[in-house]
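> So here's target_21.pdb (PDB, C-alpha atoms).
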```
ATOM      1  CA  MET E 282       0.000   0.000   0.000
ATOM      2  CA  THR E 283       1.420   3.366  -0.988
ATOM      3  CA  GLU E 284       0.651   6.618   0.762
ATOM      4  CA  THR E 285      -0.225   9.711  -1.184
ATOM      5  CA  ILE E 286      -0.034  13.189   0.300
ATOM      6  CA  VAL E 287      -3.188  14.997  -0.696
ATOM      7  CA  SER E 288      -2.235  18.372   0.746
ATOM      8  CA  SER E 289      -0.042  19.991   3.361
ATOM      9  CA  GLY E 290      -0.192  23.152   5.349
ATOM     10  CA  ALA E 291      -0.363  24.610   8.795
ATOM     11  CA  PHE E 292      -3.117  25.252  11.240
ATOM     12  CA  ARG E 293      -3.538  27.957  13.799
ATOM     13  CA  VAL E 294      -4.382  27.388  17.448
ATOM     14  CA  ASP E 295      -6.507  30.021  19.150
ATOM     15  CA  ARG E 296      -4.184  30.803  22.033
ATOM     16  CA  GLU E 297      -6.805  32.283  24.375
ATOM     17  CA  ARG E 298      -9.194  29.403  23.831
ATOM     18  CA  ALA E 299      -6.440  26.810  24.341
ATOM     19  CA  ILE E 300      -5.397  28.466  27.616
ATOM     20  CA  GLU E 301      -9.024  28.577  28.774
ATOM     21  CA  VAL E 302      -9.481  24.847  28.064
ATOM     22  CA  LEU E 303      -6.252  24.035  29.920
ATOM     23  CA  ARG E 304      -7.262  26.288  32.807
ATOM     24  CA  ARG E 305     -10.473  24.304  33.280
ATOM     25  CA  HIS E 306      -8.848  20.866  33.007
ATOM     26  CA  GLN E 307      -5.174  21.118  34.082
ATOM     27  CA  LEU E 308      -5.733  20.198  37.744
ATOM     28  CA  PRO E 309      -8.773  18.190  38.851
ATOM     29  CA  ASP E 310      -9.050  20.413  41.939
ATOM     30  CA  PRO E 311      -7.734  23.986  41.616
ATOM     31  CA  ARG E 312      -6.911  24.036  45.349
ATOM     32  CA  ASP E 313      -3.969  21.793  44.393
ATOM     33  CA  PHE E 314      -2.235  24.670  42.566
ATOM     34  CA  LEU E 315       0.634  24.614  45.100
ATOM     35  CA  LEU E 316       1.644  21.081  44.039
ATOM     36  CA  PRO E 317       3.025  22.020  40.599
ATOM     37  CA  TRP E 318       4.799  24.977  42.236
ATOM     38  CA  ILE E 319       6.488  22.567  44.676
ATOM     39  CA  GLY E 320       7.499  20.549  41.593
ATOM     40  CA  LEU E 321       8.871  23.771  40.066
ATOM     41  CA  ALA E 322      10.967  24.285  43.196
ATOM     42  CA  ALA E 323      12.355  20.742  42.910
ATOM     43  CA  ALA E 324      13.130  21.227  39.194
ATOM     44  CA  SER E 325      14.915  24.481  40.111
ATOM     45  CA  GLY E 326      17.249  22.679  42.499
ATOM     46  CA  ALA E 327      15.706  24.157  45.647
ATOM     47  CA  THR E 328      16.846  22.881  49.037
ATOM     48  CA  ASN E 329      13.438  23.495  50.641
ATOM     49  CA  VAL E 330      10.044  25.097  50.137
ATOM     50  CA  GLU E 331       8.468  27.596  52.492
ATOM     51  CA  LEU E 332       4.690  28.147  52.531
ATOM     52  CA  TYR E 333       3.168  31.039  54.462
ATOM     53  CA  ALA E 334      -0.435  31.937  55.215
ATOM     54  CA  ARG E 335      -0.895  35.682  54.707
ATOM     55  CA  LEU E 336      -3.747  37.946  55.791
ATOM     56  CA  ARG E 337      -5.340  37.833  52.341
ATOM     57  CA  GLY E 338      -3.719  34.782  50.778
ATOM     58  CA  LEU E 339      -0.602  32.691  50.776
ATOM     59  CA  GLU E 340       2.987  32.673  49.588
ATOM     60  CA  LEU E 341       5.372  29.948  48.434
ATOM     61  CA  ARG E 342       9.135  30.651  48.500
ATOM     62  CA  PHE E 343      12.090  28.588  47.385
ATOM     63  CA  ASP E 344      15.781  28.944  46.663
ATOM     64  CA  GLY E 345      17.431  27.341  43.635
ATOM     65  CA  ARG E 346      17.706  28.574  40.054
ATOM     66  CA  PRO E 347      15.516  31.633  39.494
ATOM     67  CA  ILE E 348      12.927  31.787  36.741
ATOM     68  CA  PRO E 349      14.401  33.905  33.928
ATOM     69  CA  ALA E 350      12.692  37.200  33.099
ATOM     70  CA  GLU E 351      12.045  36.066  29.521
ATOM     71  CA  LYS E 352       9.975  33.131  30.849
ATOM     72  CA  LEU E 353       7.913  35.485  33.000
ATOM     73  CA  ARG E 354       7.339  37.948  30.148
ATOM     74  CA  ASP E 355       4.810  35.471  28.759
ATOM     75  CA  PRO E 356       4.529  32.497  31.106
ATOM     76  CA  PHE E 357       1.887  30.767  28.958
ATOM     77  CA  GLU E 358       4.167  30.658  25.891
ATOM     78  CA  CYS E 359       5.569  27.304  27.072
ATOM     79  CA  LEU E 360       2.198  25.768  26.231
ATOM     80  CA  PHE E 361       2.928  26.485  22.559
ATOM     81  CA  GLY E 362       6.729  26.145  22.325
ATOM     82  CA  GLU E 363       9.887  25.558  24.376
ATOM     83  CA  GLN E 364       9.321  24.180  27.855
ATOM     84  CA  ASP E 365      11.989  23.633  30.585
ATOM     85  CA  ARG E 366      10.500  24.238  34.086
ATOM     86  CA  ALA E 367       7.710  26.456  32.801
ATOM     87  CA  PRO E 368       4.924  23.817  32.691
ATOM     88  CA  GLN E 369       4.960  23.524  36.502
ATOM     89  CA  LEU E 370       4.756  27.297  36.842
ATOM     90  CA  VAL E 371       1.875  27.462  34.361
ATOM     91  CA  ALA E 372      -0.038  24.506  35.857
ATOM     92  CA  GLY E 373       0.024  26.271  39.239
ATOM     93  CA  LEU E 374      -0.975  29.596  37.690
ATOM     94  CA  LEU E 375      -3.888  28.009  35.819
ATOM     95  CA  GLY E 376      -5.105  26.295  38.997
ATOM     96  CA  ALA E 377      -4.764  29.440  41.118
ATOM     97  CA  LEU E 378      -6.579  31.532  38.503
ATOM     98  CA  ARG E 379      -9.524  29.109  38.596
ATOM     99  CA  LEU E 380     -10.014  30.208  42.233
ATOM    100  CA  SER E 381     -10.580  33.832  41.059
ATOM    101  CA  PRO E 382      -7.907  35.543  43.164
ATOM    102  CA  LYS E 383      -7.484  39.297  43.289
ATOM    103  CA  ARG E 384      -3.933  38.851  42.008
ATOM    104  CA  VAL E 385      -1.104  36.380  41.561
ATOM    105  CA  GLN E 386       2.511  37.574  41.764
ATOM    106  CA  VAL E 387       5.703  35.806  40.772
ATOM    107  CA  ARG E 388       9.013  37.358  41.839
ATOM    108  CA  SER E 389      12.257  35.835  40.656
ATOM    109  CA  GLY E 390      15.714  36.550  39.288
ATOM    110  CA  GLU E 391      19.216  37.208  40.474
ATOM    111  CA  PRO E 392      19.645  40.184  42.850
ATOM    112  CA  GLY E 393      19.700  43.340  40.734
ATOM    113  CA  LEU E 394      17.964  41.548  37.838
ATOM    114  CA  ARG E 395      14.783  40.475  39.622
ATOM    115  CA  VAL E 396      11.409  40.930  38.007
ATOM    116  CA  ARG E 397       7.845  40.767  39.281
ATOM    117  CA  LEU E 398       5.023  39.320  37.205
ATOM    118  CA  VAL E 399       1.578  40.442  38.361
ATOM    119  CA  ILE E 400      -1.573  38.835  37.030
ATOM    120  CA  ASP E 401      -4.457  40.849  38.441
ATOM    121  CA  ARG E 402      -7.114  39.599  36.090
ATOM    122  CA  TRP E 403      -7.091  36.609  33.816
ATOM    123  CA  GLU E 404      -6.553  38.797  30.766
ATOM    124  CA  ARG E 405      -4.177  41.338  32.324
ATOM    125  CA  GLN E 406      -0.599  40.758  33.348
ATOM    126  CA  SER E 407       2.392  43.032  33.800
ATOM    127  CA  LEU E 408       6.116  42.537  34.259
ATOM    128  CA  ALA E 409       8.277  45.075  36.067
ATOM    129  CA  PRO E 410      11.609  45.222  37.891
ATOM    130  CA  ASP E 411      11.438  44.000  41.490
ATOM    131  CA  SER E 412      13.344  45.830  44.203
ATOM    132  CA  GLU E 413      13.491  42.878  46.627
ATOM    133  CA  ASP E 414      17.152  41.970  47.108
ATOM    134  CA  THR E 415      17.068  38.200  47.481
ATOM    135  CA  ALA E 416      17.907  35.199  45.362
ATOM    136  CA  SER E 417      14.727  33.281  46.210
ATOM    137  CA  THR E 418      11.654  32.863  44.038
ATOM    138  CA  SER E 419       8.318  33.914  45.516
ATOM    139  CA  LEU E 420       4.848  32.985  44.257
ATOM    140  CA  GLU E 421       1.984  34.803  45.985
ATOM    141  CA  VAL E 422      -1.778  34.507  45.688
ATOM    142  CA  GLU E 423      -3.986  37.237  47.110
ATOM    143  CA  TRP E 424      -7.672  36.455  47.525
ATOM    144  CA  ARG E 425     -10.509  38.921  47.111
ATOM    145  CA  GLY E 426     -11.775  40.078  50.500
ATOM    146  CA  LEU E 427     -10.592  39.388  54.027
ATOM    147  CA  PHE E 428     -12.564  36.258  54.843
ATOM    148  CA  GLN E 429     -10.814  33.656  52.711
ATOM    149  CA  TRP E 430      -8.883  31.944  55.511
ATOM    150  CA  GLY E 431     -10.767  28.704  54.818
ATOM    151  CA  LEU E 432      -9.520  28.666  51.227
ATOM    152  CA  THR E 433      -5.942  29.385  52.341
ATOM    153  CA  ARG E 434      -6.193  26.603  54.935
ATOM    154  CA  ASP E 435      -7.576  24.119  52.363
ATOM    155  CA  CYS E 436      -4.747  24.861  49.916
ATOM    156  CA  LEU E 437      -2.088  24.505  52.629
ATOM    157  CA  LEU E 438      -3.614  21.260  53.945
ATOM    158  CA  ARG E 439      -3.706  19.792  50.439
ATOM    159  CA  ALA E 440      -0.041  20.708  49.961
ATOM    160  CA  LYS E 441       0.803  19.156  53.325
ATOM    161  CA  ALA E 442      -1.056  15.931  52.442
ATOM    162  CA  ALA E 443       0.809  15.711  49.126
ATOM    163  CA  ARG E 444       4.144  16.439  50.805
ATOM    164  CA  ALA E 445       4.919  12.697  50.939
ATOM    165  CA  ARG E 446       5.369  12.750  47.139
ATOM    166  CA  SER E 447       8.086  15.425  47.339
ATOM    167  CA  THR E 448      11.717  14.882  48.256
ATOM    168  CA  LEU E 449      12.000  18.509  49.351
ATOM    169  CA  PRO E 450      11.440  19.589  52.935
ATOM    170  CA  VAL E 451       8.266  21.716  52.992
ATOM    171  CA  TYR E 452       7.839  24.248  55.785
ATOM    172  CA  ILE E 453       4.392  25.668  56.497
ATOM    173  CA  ASN E 454       4.455  28.886  58.497
ATOM    174  CA  GLY E 455       7.984  28.029  59.675
ATOM    175  CA  ARG E 456       7.249  24.449  60.734
ATOM    176  CA  LEU E 457       8.399  21.361  58.857
ATOM    177  CA  SER E 458       5.287  19.598  57.558
TER     178      SER E 458
END
```
Could you write out this file's structure as structure tokens?


Amino acid sequence: MTETIVSSGAFRVDRERAIEVLRRHQLPDPRDFLLPWIGLAAASGATNVELYARLRGLELRFDGRPIPAEKLRDPFECLFGEQDRAPQLVAGLLGALRLSPKRVQVRSGEPGLRVRLVIDRWERQSLAPDSEDTASTSLEVEWRGLFQWGLTRDCLLRAKAARARSTLPVYINGRLS
């Protein structure tokens, strides 16, 4: 049997629609968004992960290789091209965004070259220099309103329960989980 090529060409993927589909289906439960970020820390060579409950949300910090500014300029680009550690970052972002936070911030880079990505609505993101003088990477989620402690607690408990799958020490509010 011989094969005959009838035609060839390219097709275009609607980027916004593809991201929306992934956002809905990437994680079965969006409260697990910290799990891919813990995987990102491991892939970055971190020695530990620190999780903190904040007044209006939570923060994950880790040492290890920072996320380059060019990856934060368009974090969703990895879905359509080159990957590296970016899929873990994006999986966590997509999960967190399903919870409708007020904003998500990612701060990373070498001291003096740090940048801060702010996603304050699904469609709006900005990248700017960050003045924090540290070599760690910080991922922060800020909820809408003051009374979201239950959501913060659920996310932290889910991360703690999944901790057994990670080789990294995970500290929650300063205590080893």

> On this structure, the PyMOL selection byres ((chain E and resi 323-328) around 6) would catch which residues? List them as a short mmCIF file (atom, residue, chain, number, x, y, z; two decimals) with C-alpha atoms, in the frame of the given file, sorted by chain and number.


```cif
data_model
loop_
_atom_site.label_atom_id
_atom_site.label_comp_id
_atom_site.auth_asym_id
_atom_site.auth_seq_id
_atom_site.Cartn_x
_atom_site.Cartn_y
_atom_site.Cartn_z
CA GLY E 320 7.50 20.55 41.59
CA LEU E 321 8.87 23.77 40.07
CA ALA E 322 10.97 24.28 43.20
CA ASN E 329 13.44 23.50 50.64
CA PHE E 343 12.09 28.59 47.38
CA ASP E 344 15.78 28.94 46.66
CA GLY E 345 17.43 27.34 43.64
CA ARG E 346 17.71 28.57 40.05
#
```

> Care to translate the PyMOL selection byres ((chain E and resi 429) around 12) into actual residues of this file, as a PDB file with C-alpha atoms, in the coordinates of the input?


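In the end it all went to selection.pdb:
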```
ATOM      1  CA  ALA E 334      -0.435  31.937  55.215  1.00  0.00           C
ATOM      2  CA  ARG E 335      -0.895  35.682  54.707  1.00  0.00           C
ATOM      3  CA  LEU E 336      -3.747  37.946  55.791  1.00  0.00           C
ATOM      4  CA  ARG E 337      -5.340  37.833  52.341  1.00  0.00           C
ATOM      5  CA  GLY E 338      -3.719  34.782  50.778  1.00  0.00           C
ATOM      6  CA  LEU E 339      -0.602  32.691  50.776  1.00  0.00           C
ATOM      7  CA  LEU E 380     -10.014  30.208  42.233  1.00  0.00           C
ATOM      8  CA  SER E 381     -10.580  33.832  41.059  1.00  0.00           C
ATOM      9  CA  PRO E 382      -7.907  35.543  43.164  1.00  0.00           C
ATOM     10  CA  LYS E 383      -7.484  39.297  43.289  1.00  0.00           C
ATOM     11  CA  VAL E 422      -1.778  34.507  45.688  1.00  0.00           C
ATOM     12  CA  GLU E 423      -3.986  37.237  47.110  1.00  0.00           C
ATOM     13  CA  TRP E 424      -7.672  36.455  47.525  1.00  0.00           C
ATOM     14  CA  ARG E 425     -10.509  38.921  47.111  1.00  0.00           C
ATOM     15  CA  GLY E 426     -11.775  40.078  50.500  1.00  0.00           C
ATOM     16  CA  LEU E 427     -10.592  39.388  54.027  1.00  0.00           C
ATOM     17  CA  PHE E 428     -12.564  36.258  54.843  1.00  0.00           C
ATOM     18  CA  TRP E 430      -8.883  31.944  55.511  1.00  0.00           C
ATOM     19  CA  GLY E 431     -10.767  28.704  54.818  1.00  0.00           C
ATOM     20  CA  LEU E 432      -9.520  28.666  51.227  1.00  0.00           C
ATOM     21  CA  THR E 433      -5.942  29.385  52.341  1.00  0.00           C
ATOM     22  CA  ARG E 434      -6.193  26.603  54.935  1.00  0.00           C
ATOM     23  CA  ASP E 435      -7.576  24.119  52.363  1.00  0.00           C
ATOM     24  CA  CYS E 436      -4.747  24.861  49.916  1.00  0.00           C
TER      25      CYS E 436
END
```

> Between E:Leu353, E:Leu394, E:Val330, E:Ala442, which one has atoms that come closest to E:Asn454, using only C-alpha atoms?

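With only C-alpha atoms as the atom set, the closest residue is E:Val330.
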
> Might you pull out every residue within 12 Å of E:Ala443, with only C-alpha atoms counted and same-chain residues fewer than 6 positions away left off, and present them as a list in words?

Arg312, Asp313, Phe314, Leu315, Leu316, Pro317, Ile319, Gly320, Cys436, Leu437, Leu449, Pro450, Val451 and Ser458 of chain E

> Mind giving me the straight-line distance from atom CA of E:Val371 to atom CA of E:Glu413 in Å, one decimal?

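The value is 22.9 Å.
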
> Work out how far atom CA of E:Ala440 is from atom CA of E:Asp414, in Å to one decimal.

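One can read the atom CA of E:Asp414 to atom CA of E:Ala440 distance as 27.5 Å.
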
> For each of E:Pro356, E:Ala372, E:Ala367, E:Gln406, take the minimum atom-to-atom distance to E:Arg384, counting all atoms listed in the file, then give the residue where this is smallest.

E:Gln406

> Which of these residues is nearest to E:Leu308, using all atoms listed in the file: E:Arg342, E:Ile348, E:Leu375, E:Asp355?

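Between E:Arg342, E:Ile348, E:Leu375, E:Asp355, the residue approaching E:Leu308 most closely is E:Leu375.
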